[in-house]
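Asker: Below you'll find the structure I mean.
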Amino acid sequence: MDWLYMHMPISGVDLFWPGLVILGLGVGILGGFYGMGGAWMITPGLNILGFPMAFAIGTDIAHIAGKSIVSTIRHAKFGNVDYPLGVAMILGTMAGFEVGAQIVMFLEKIGKVDLYLRIIYLILLAFIFTTVVFDYLKLKKKEKLAKEKGEQLDKLASGVTWYKTLHKIKIPPVMTFKQAQITVSLWLPMLVGFATGVVAGLLGIGGGLIRMPALIYLVGCPTHVAVGTDLFEVMISGLYGTFTYTWKGRTELLAVFIMLIGAAVGAQFGAVATKYFKGMIIRVLFGAAVCIAATSIAQKLIARVYDIKWLDDVSTVTILGGLSILMFIIVAKAIAGMRKEIQMKKMAQS
Amino acid sequence: MKRILISLLSAISLIYFLPSIAMAKEKTPPLVVVAHTKGLSGLSLWWANLYNDNMLLFTILTGCITPIAGILIGFIADYLLSLTGIDLTKRELAEH
């Protein structure tokens, strides 16, 4: 079975290459569907495959850059990417990321930074999950009320409407973002980008996990556009990250290439899958992914504090198992949608 | 005009912020990794030697190969998906 292992020329380890392809495929599907890089999903997987941690981040980021180009192009064809909005947010994100990194350096001097950051991360994930649940319940209530009145709820209606309050602030320059169908002060996406950048810099994550819900609930983007625009940001930051981490000698190109075989295919599929899901369902599935991540981090946190080794393994199983279930739900629903579309086409032709 | 202004602003920010982010990262003590070339041959040997001898070229090549590989594989996946007969140019669902 030696052929199943491939020698990595830089890190010098022999890796189970089908594992890399499968990992890339899974994260590609979820990333293309949710609109994020998904480094937080890849790291536990790479750990299991025995990938040296010195190369994990660089290899992660390089593969994210490659696959997010694929999904951004695909989402752009569906009209899901608002480039001006993406650029406006990038400006804020970069400034925010720098501030976040500086805060981490300050906290490192105090000590216990790792523990505090994990707790902050956990609170943030719990907040995002609660928001998604609140949004779902409120939308269902609105639908019920509309049904009772014999009316049909507006297609663009949502449960949480914090963005409506923020849209009232018209500090110049006010811009119309065509794809996102919003007219807002340019400061809004820049400030939201800044805030998400601070959090991303603070937690050492890419930020897609925070930016996607922020684009929906604070900026007022339709879900599909939030997914596509977020991926555009992931693409830019991923390309920058590829150069910086490679310059520091932390990228294993052969592993990147193997992962990309799965990831590029998965990213295409994940992006196409959004066609067959309503915005609310994408948000609910996103909430489920956040819940899985939060549970896994909580388990890891308890394992470290109380030195319980088996719980650490359980946290890895939680994140990989939970995300695999979500992936199968997305794939099954997308395939059913595709089959229905093809059947409809055939019926229309005959 | 607005797009030009945004592009200009983003370019200025990139120039301004990127080096400072890179500098912030460099403050931690660097871990020196050397690729072991023993037992390697052909392309693998050349790649490992490039990593050890010319990091700049190694970085440029990795930074260029990664997106190109992504686009190429994505293009093939796009073609395969189009063979299924589904519409890859638009989506019907547009609600919030």
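Each chain of the structure tokens is named A, B, ... in the order shown, its residues numbered from 1; ligands are numbered from 1 in display order.
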Give me the residues of chain A that have any atom at most 7 Å from an atom of chain B; for each, the nearest atom pair and the distance in Å, rounded to one decimal. Use only C-alpha atoms, sort by chain and number, and format it as a tab-separated table.
Answerer:
residue	atom	partner	partner_atom	distance
A:Pro9	CA	B:Ser44	CA	5.7
A:Ile10	CA	B:Ala35	CA	4.7
A:Ser11	CA	B:Ala35	CA	6.3
A:Gly12	CA	B:His36	CA	6.6
A:Ala62	CA	B:Thr66	CA	6.6
A:Ala65	CA	B:Pro67	CA	6.7
A:Gly66	CA	B:Gly70	CA	4.4
A:Lys67	CA	B:Gly70	CA	5.6
A:Ile69	CA	B:Ile71	CA	6.8
A:Val70	CA	B:Gly74	CA	5.4
A:Lys77	CA	B:Thr89	CA	5.6
A:Phe78	CA	B:Lys90	CA	4.7
A:Pro84	CA	B:Arg3	CA	6.9
A:Val87	CA	B:Ser10	CA	6.8
A:Leu91	CA	B:Ser10	CA	6.1
A:Met94	CA	B:Phe17	CA	6.9
A:Ala95	CA	B:Phe17	CA	6.9
A:Glu98	CA	B:Ile21	CA	6.0
A:Lys155	CA	B:Glu95	CA	4.8
A:Leu156	CA	B:His96	CA	4.5
A:Ala157	CA	B:His96	CA	6.0
A:Ser158	CA	B:His96	CA	6.0
A:Pro222	CA	B:His96	CA	4.6
A:Thr223	CA	B:His96	CA	5.6
A:Thr242	CA	B:Gly63	CA	6.1
A:Phe243	CA	B:Gly63	CA	5.6
A:Thr246	CA	B:Thr59	CA	5.3
A:Trp247	CA	B:Thr59	CA	5.4
A:Leu253	CA	B:Thr62	CA	6.5
A:Leu260	CA	B:Gly70	CA	6.3
A:Ile261	CA	B:Ile73	CA	6.5
A:Ala264	CA	B:Gly74	CA	5.1
A:Val265	CA	B:Ala77	CA	5.3
A:Gln268	CA	B:Gly74	CA	6.7
A:Lys275	CA	B:Arg91	CA	5.4
A:Lys278	CA	B:Leu93	CA	6.3
A:Gly279	CA	B:His96	CA	5.3
A:Met280	CA	B:His96	CA	6.8
A:Met338	CA	B:Ile86	CA	6.4
A:Glu341	CA	B:Ile86	CA	6.6
A:Ile342	CA	B:Ile86	CA	6.1
Asker: Keeping only C-alpha atoms, write the selected residues to a file as a compact mmCIF listing (two decimals), in the first residue's frame.
Answerer:
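Full text of selection_37.txt as output:
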# COMPACT_ATOMS: atom_id res chain seq x y z
CA PRO A 9 9.98 17.12 -0.51
CA ILE A 10 10.09 20.11 1.87
CA SER A 11 8.70 18.79 5.16
CA GLY A 12 10.20 15.33 4.49
CA ALA A 62 -2.20 28.53 -0.11
CA ALA A 65 -6.25 30.97 -2.10
CA GLY A 66 -6.42 28.47 -4.95
CA LYS A 67 -9.92 27.20 -4.22
CA ILE A 69 -10.52 31.86 -6.82
CA VAL A 70 -12.56 28.98 -8.25
CA LYS A 77 -21.31 34.08 -12.75
CA PHE A 78 -24.43 33.73 -10.57
CA PRO A 84 -17.10 47.42 -4.84
CA VAL A 87 -13.11 46.25 -1.83
CA LEU A 91 -9.89 48.33 3.43
CA MET A 94 -6.89 45.10 6.79
CA ALA A 95 -6.79 48.04 9.19
CA GLU A 98 -3.53 45.08 12.19
CA LYS A 155 -38.89 37.73 -0.98
CA LEU A 156 -36.19 39.86 0.63
CA ALA A 157 -37.70 39.71 4.11
CA SER A 158 -35.54 38.50 6.98
CA PRO A 222 -28.85 39.07 0.57
CA THR A 223 -27.43 35.73 1.77
CA THR A 242 0.30 32.53 0.36
CA PHE A 243 3.16 34.90 -0.43
CA THR A 246 5.79 30.87 1.66
CA TRP A 247 8.40 33.59 2.14
CA LEU A 253 3.35 23.04 -2.57
CA LEU A 260 -6.51 21.56 -4.59
CA ILE A 261 -7.55 18.58 -6.75
CA ALA A 264 -11.27 23.09 -6.57
CA VAL A 265 -13.87 20.46 -7.51
CA GLN A 268 -17.29 24.49 -7.68
CA LYS A 275 -28.52 27.62 -6.32
CA LYS A 278 -33.07 29.35 0.03
CA GLY A 279 -31.14 32.09 1.83
CA MET A 280 -32.70 31.17 5.18
CA MET A 338 -29.77 19.23 -10.09
CA GLU A 341 -33.59 20.96 -12.96
CA ILE A 342 -32.44 18.47 -15.60
Asker: Using only C-alpha atoms, find the one residue out of A:Gly270, A:Gly201, A:Gly287, A:Gly206 that sits nearest to Ala101 in chain A.
Answerer: A:Gly201
Asker: Quick one: residues within 9 Å of Tyr245 in chain A, only C-alpha atoms, excluding same-chain residues fewer than 3 positions away - as a count of residues only?
Answerer: 13
Asker: Within 10 Å of range 210-219 of chain A, counting only C-alpha atoms, which residues show up once you throw out same-chain ones fewer than 4 positions away? Write them as an MDAnalysis selection string, please.
Answerer: (chainID A and resid 34:36 85 89 93 124:125 128:129 131:132 135 158:167 180 182:184 188:193 195:197 199:200 205:206 223:231 233:234 283 286:287 290) or (chainID B and resid 96)
Asker: Closest to Ile22 in chain A among A:Gly111, A:Leu46, A:Gly150, A:Leu254, using only C-alpha atoms?
Answerer: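 Under the stated criterion, the closest residue is A:Leu46.
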Asker: As number ranges by chain, please: every residue in range 101-233 of chain A that a backbone DSSP assignment puts in helix (DSSP H, G or I).
Answerer: A: 101-110, 113-148, 162-167, 187-203, 208-219, 223-233
Asker: Mind checking DSSP for range 120-339 of chain A and telling me the strand (DSSP E or B) residues as a PDB file with C-alpha atoms, in the first residue's frame?
Answerer:
ATOM      1  CA  VAL A 174     -23.340  57.312   0.223  1.00  0.00           C
ATOM      2  CA  MET A 175     -22.972  54.521  -2.315  1.00  0.00           C
ATOM      3  CA  THR A 176     -25.302  52.102  -4.081  1.00  0.00           C
ATOM      4  CA  PHE A 177     -24.015  48.549  -4.255  1.00  0.00           C
ATOM      5  CA  ILE A 182     -28.321  48.378  -0.914  1.00  0.00           C
ATOM      6  CA  THR A 183     -27.636  52.109  -0.720  1.00  0.00           C
ATOM      7  CA  VAL A 184     -25.519  52.875   2.331  1.00  0.00           C
ATOM      8  CA  SER A 185     -22.815  55.142   3.651  1.00  0.00           C
TER       9      SER A 185
END
